[in-house]
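*Asks:* Sharing coords-v3.pdb (PDB, C-alpha atoms) below.
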MODEL        1
ATOM      1  CA  MET A   1       7.315  -2.382   5.270  1.00  0.00           C
ATOM      2  CA  GLU A   2      10.308  -4.605   5.731  1.00  0.00           C
ATOM      3  CA  GLN A   3      11.966  -5.882   2.573  1.00  0.00           C
ATOM      4  CA  CYS A   4      11.706  -9.502   3.729  1.00  0.00           C
ATOM      5  CA  LYS A   5       7.907  -9.173   3.869  1.00  0.00           C
ATOM      6  CA  LEU A   6       7.798  -7.639   0.387  1.00  0.00           C
ATOM      7  CA  ASP A   7       9.976 -10.477  -0.868  1.00  0.00           C
ATOM      8  CA  ARG A   8       7.617 -12.999   0.728  1.00  0.00           C
ATOM      9  CA  ILE A   9       4.599 -11.425  -1.032  1.00  0.00           C
ATOM     10  CA  SER A  10       6.472 -11.688  -4.328  1.00  0.00           C
ATOM     11  CA  GLU A  11       7.480 -15.279  -3.620  1.00  0.00           C
ATOM     12  CA  LEU A  12       3.895 -16.283  -2.831  1.00  0.00           C
ATOM     13  CA  THR A  13       2.680 -14.579  -5.999  1.00  0.00           C
ATOM     14  CA  ARG A  14       5.241 -16.467  -8.085  1.00  0.00           C
ATOM     15  CA  LEU A  15       4.202 -19.723  -6.431  1.00  0.00           C
ATOM     16  CA  SER A  16       0.533 -19.033  -7.132  1.00  0.00           C
ATOM     17  CA  LYS A  17       1.332 -18.831 -10.847  1.00  0.00           C
ATOM     18  CA  CYS A  18       2.982 -22.269 -10.777  1.00  0.00           C
ATOM     19  CA  ARG A  19       0.638 -24.100  -8.453  1.00  0.00           C
ATOM     20  CA  GLU A  20      -2.327 -23.607  -6.192  1.00  0.00           C
ATOM     21  CA  LEU A  21      -1.386 -22.137  -2.816  1.00  0.00           C
ATOM     22  CA  THR A  22      -2.249 -23.928   0.404  1.00  0.00           C
ATOM     23  CA  SER A  23      -4.790 -22.312   2.690  1.00  0.00           C
ATOM     24  CA  GLU A  24      -1.977 -21.244   5.045  1.00  0.00           C
ATOM     25  CA  GLU A  25      -0.084 -19.614   2.183  1.00  0.00           C
ATOM     26  CA  CYS A  26      -3.222 -17.852   0.960  1.00  0.00           C
ATOM     27  CA  SER A  27      -3.974 -16.445   4.395  1.00  0.00           C
ATOM     28  CA  GLU A  28      -0.334 -15.402   4.877  1.00  0.00           C
ATOM     29  CA  ARG A  29      -0.352 -13.614   1.517  1.00  0.00           C
ATOM     30  CA  GLN A  30      -3.622 -11.860   2.363  1.00  0.00           C
ATOM     31  CA  ILE A  31      -2.300 -10.672   5.734  1.00  0.00           C
ATOM     32  CA  LEU A  32       0.915  -9.381   4.153  1.00  0.00           C
ATOM     33  CA  ARG A  33      -1.030  -7.615   1.385  1.00  0.00           C
ATOM     34  CA  GLU A  34      -3.315  -5.919   3.918  1.00  0.00           C
ATOM     35  CA  GLU A  35      -0.297  -4.747   5.914  1.00  0.00           C
ATOM     36  CA  TYR A  36       1.332  -3.413   2.739  1.00  0.00           C
ATOM     37  CA  LEU A  37      -1.814  -1.541   1.702  1.00  0.00           C
ATOM     38  CA  ALA A  38      -2.261  -0.053   5.181  1.00  0.00           C
ATOM     39  CA  GLU A  39       1.284   1.324   5.108  1.00  0.00           C
ATOM     40  CA  TRP A  40       0.836   2.582   1.526  1.00  0.00           C
ATOM     41  CA  ARG A  41      -2.396   4.383   2.464  1.00  0.00           C
ATOM     42  CA  LYS A  42      -0.743   5.918   5.537  1.00  0.00           C
ATOM     43  CA  GLY A  43       2.160   7.252   3.461  1.00  0.00           C
ATOM     44  CA  THR A  44      -0.144   8.589   0.757  1.00  0.00           C
ATOM     45  CA  LYS A  45      -2.319  10.330   3.362  1.00  0.00           C
ATOM     46  CA  GLN A  46       0.751  11.914   4.960  1.00  0.00           C
ATOM     47  CA  THR A  47       1.842  13.201   1.560  1.00  0.00           C
ATOM     48  CA  LEU A  48      -1.590  14.596   0.720  1.00  0.00           C
ATOM     49  CA  ASP A  49      -1.822  16.265   4.143  1.00  0.00           C
ATOM     50  CA  ARG A  50       1.079  18.491   3.045  1.00  0.00           C
ATOM     51  CA  VAL A  51      -0.561  19.496  -0.264  1.00  0.00           C
ATOM     52  CA  TYR A  52      -2.052  22.958  -0.701  1.00  0.00           C
ATOM     53  CA  ILE A  53      -4.171  24.239  -3.567  1.00  0.00           C
ATOM     54  CA  VAL A  54      -3.497  27.746  -4.877  1.00  0.00           C
ATOM     55  CA  ASP A  55      -6.535  29.332  -6.520  1.00  0.00           C
ATOM     56  CA  GLU A  56      -6.500  31.931  -9.306  1.00  0.00           C
ATOM     57  CA  THR A  57      -6.282  34.787  -6.757  1.00  0.00           C
ATOM     58  CA  GLY A  58      -3.167  33.264  -5.188  1.00  0.00           C
ATOM     59  CA  LYS A  59      -4.928  32.181  -2.018  1.00  0.00           C
ATOM     60  CA  LYS A  60      -3.590  28.899  -0.540  1.00  0.00           C
ATOM     61  CA  ARG A  61      -5.920  26.360   1.008  1.00  0.00           C
ATOM     62  CA  LYS A  62      -5.379  22.890   2.340  1.00  0.00           C
ATOM     63  CA  LEU A  63      -6.410  19.965   0.144  1.00  0.00           C
ATOM     64  CA  THR A  64      -9.690  18.470   1.403  1.00  0.00           C
ATOM     65  CA  LYS A  65     -11.209  15.023   0.966  1.00  0.00           C
TER      66      LYS A  65
ENDMDL
END
Can you present the structure in this file as structure tokens?
*Replies:*
Amino acid sequence: MEQCKLDRISELTRLSKCRELTSEECSERQILREEYLAEWRKGTKQTLDRVYIVDETGKKRKLTK
């Protein structure tokens, strides 16, 4: 995710602590959060797809859900 979008999420969070956000700001923050989580999940899944479990006999198997 682009740094400017991460900065905007942080800015909206700071604003929400000082005052109530407008409906446009709330929806913008929600959209940005969903985008961030989607990218985080994608990266985590890619990492876990490369993980193998080695059992006590030394046999490697792919990590399953």
*Asks:* Ranking A:Ile9, A:Cys4, A:Leu63, A:Leu48 by minimum distance to Glu25 in chain A and counting all atoms listed in the file, which one comes first?
*Replies:*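 The answer is A:Ile9, which sits nearest to Glu25 in chain A.
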*Asks:* For CA of Tyr52 in chain A and CA of Lys65 in chain A, quote the distance in Å rounded to one decimal.
*Replies:* 12.2 Å
*Asks:* Enter the distance from CA of Gly43 in chain A to CA of Leu6 in chain A, in Å, rounded to one decimal.
*Replies:*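 Pair CA of Gly43 in chain A / CA of Leu6 in chain A returns 16.2 Å.
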*Asks:* Smallest atom-to-atom distance to Gln30 in chain A: which of A:Thr64, A:Ile53, A:Arg8, A:Thr47, using all atoms listed in the file?
*Replies:* A:Arg8
*Asks:* Hey, can you check how far CA of Gln3 in chain A sits from CA of Tyr36 in chain A?
*Replies:*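 We find that CA of Gln3 in chain A and CA of Tyr36 in chain A lie 10.9 Å from each other.
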*Asks:* Give the answer as one residue: which of A:Lys17, A:Glu34, A:Lys62, A:Ser23 has the shortest atom-to-atom distance to Lys5 in chain A, using only C-alpha atoms?
*Replies:*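 Among the listed residues, the smallest separation from Lys5 in chain A belongs to A:Glu34.
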*Asks:* Counting all atoms listed in the file, which of A:Asp49, A:Asp55, A:Glu39, A:Glu24 gets nearest to Glu2 in chain A?
*Replies:*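 The shortest atom-to-atom distance to Glu2 in chain A comes from A:Glu39.
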*Asks:* What does range 38-58 of chain A look like written to a file with N, CA and C atoms, as a PDB file, in the first residue's frame?
*Replies:*
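And here is the file that came out, part10.pdb:
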ATOM      1  N   ALA A  38      -6.827  -6.064   2.901  1.00  0.00           N
ATOM      2  CA  ALA A  38      -6.749  -6.965   1.749  1.00  0.00           C
ATOM      3  C   ALA A  38      -5.295  -7.204   1.353  1.00  0.00           C
ATOM      4  N   GLU A  39      -4.501  -6.151   1.328  1.00  0.00           N
ATOM      5  CA  GLU A  39      -3.085  -6.297   0.981  1.00  0.00           C
ATOM      6  C   GLU A  39      -2.333  -7.063   2.060  1.00  0.00           C
ATOM      7  N   TRP A  40      -2.670  -6.820   3.337  1.00  0.00           N
ATOM      8  CA  TRP A  40      -2.023  -7.540   4.436  1.00  0.00           C
ATOM      9  C   TRP A  40      -2.344  -9.031   4.354  1.00  0.00           C
ATOM     10  N   ARG A  41      -3.600  -9.364   4.104  1.00  0.00           N
ATOM     11  CA  ARG A  41      -3.996 -10.776   3.982  1.00  0.00           C
ATOM     12  C   ARG A  41      -3.290 -11.440   2.804  1.00  0.00           C
ATOM     13  N   LYS A  42      -3.186 -10.733   1.693  1.00  0.00           N
ATOM     14  CA  LYS A  42      -2.519 -11.282   0.504  1.00  0.00           C
ATOM     15  C   LYS A  42      -1.057 -11.589   0.815  1.00  0.00           C
ATOM     16  N   GLY A  43      -0.369 -10.665   1.473  1.00  0.00           N
ATOM     17  CA  GLY A  43       1.034 -10.875   1.821  1.00  0.00           C
ATOM     18  C   GLY A  43       1.213 -12.002   2.813  1.00  0.00           C
ATOM     19  N   THR A  44       0.322 -12.094   3.795  1.00  0.00           N
ATOM     20  CA  THR A  44       0.399 -13.167   4.779  1.00  0.00           C
ATOM     21  C   THR A  44       0.158 -14.515   4.110  1.00  0.00           C
ATOM     22  N   LYS A  45      -0.815 -14.581   3.211  1.00  0.00           N
ATOM     23  CA  LYS A  45      -1.096 -15.831   2.496  1.00  0.00           C
ATOM     24  C   LYS A  45       0.106 -16.248   1.651  1.00  0.00           C
ATOM     25  N   GLN A  46       0.737 -15.298   0.978  1.00  0.00           N
ATOM     26  CA  GLN A  46       1.911 -15.617   0.171  1.00  0.00           C
ATOM     27  C   GLN A  46       3.035 -16.171   1.043  1.00  0.00           C
ATOM     28  N   THR A  47       3.197 -15.603   2.221  1.00  0.00           N
ATOM     29  CA  THR A  47       4.226 -16.088   3.142  1.00  0.00           C
ATOM     30  C   THR A  47       3.898 -17.494   3.604  1.00  0.00           C
ATOM     31  N   LEU A  48       2.660 -17.725   4.004  1.00  0.00           N
ATOM     32  CA  LEU A  48       2.272 -19.048   4.501  1.00  0.00           C
ATOM     33  C   LEU A  48       2.281 -20.104   3.409  1.00  0.00           C
ATOM     34  N   ASP A  49       2.105 -19.702   2.153  1.00  0.00           N
ATOM     35  CA  ASP A  49       2.175 -20.656   1.042  1.00  0.00           C
ATOM     36  C   ASP A  49       3.580 -21.232   0.878  1.00  0.00           C
ATOM     37  N   ARG A  50       4.583 -20.555   1.424  1.00  0.00           N
ATOM     38  CA  ARG A  50       5.964 -21.029   1.316  1.00  0.00           C
ATOM     39  C   ARG A  50       6.416 -21.794   2.563  1.00  0.00           C
ATOM     40  N   VAL A  51       5.493 -22.015   3.509  1.00  0.00           N
ATOM     41  CA  VAL A  51       5.846 -22.680   4.767  1.00  0.00           C
ATOM     42  C   VAL A  51       5.614 -24.182   4.631  1.00  0.00           C
ATOM     43  N   TYR A  52       6.584 -24.951   5.103  1.00  0.00           N
ATOM     44  CA  TYR A  52       6.470 -26.404   5.142  1.00  0.00           C
ATOM     45  C   TYR A  52       6.624 -26.873   6.576  1.00  0.00           C
ATOM     46  N   ILE A  53       5.911 -27.933   6.917  1.00  0.00           N
ATOM     47  CA  ILE A  53       5.997 -28.549   8.227  1.00  0.00           C
ATOM     48  C   ILE A  53       6.855 -29.804   8.093  1.00  0.00           C
ATOM     49  N   VAL A  54       7.805 -29.969   9.013  1.00  0.00           N
ATOM     50  CA  VAL A  54       8.636 -31.170   9.020  1.00  0.00           C
ATOM     51  C   VAL A  54       8.195 -31.997  10.224  1.00  0.00           C
ATOM     52  N   ASP A  55       7.727 -33.235   9.956  1.00  0.00           N
ATOM     53  CA  ASP A  55       7.284 -34.075  11.066  1.00  0.00           C
ATOM     54  C   ASP A  55       8.472 -34.780  11.720  1.00  0.00           C
ATOM     55  N   GLU A  56       8.190 -35.585  12.744  1.00  0.00           N
ATOM     56  CA  GLU A  56       9.256 -36.227  13.515  1.00  0.00           C
ATOM     57  C   GLU A  56      10.088 -37.219  12.695  1.00  0.00           C
ATOM     58  N   THR A  57       9.561 -37.694  11.559  1.00  0.00           N
ATOM     59  CA  THR A  57      10.331 -38.599  10.701  1.00  0.00           C
ATOM     60  C   THR A  57      11.159 -37.843   9.670  1.00  0.00           C
ATOM     61  N   GLY A  58      11.030 -36.518   9.645  1.00  0.00           N
ATOM     62  CA  GLY A  58      11.795 -35.706   8.707  1.00  0.00           C
ATOM     63  C   GLY A  58      11.068 -35.456   7.389  1.00  0.00           C
TER      64      GLY A  58
END
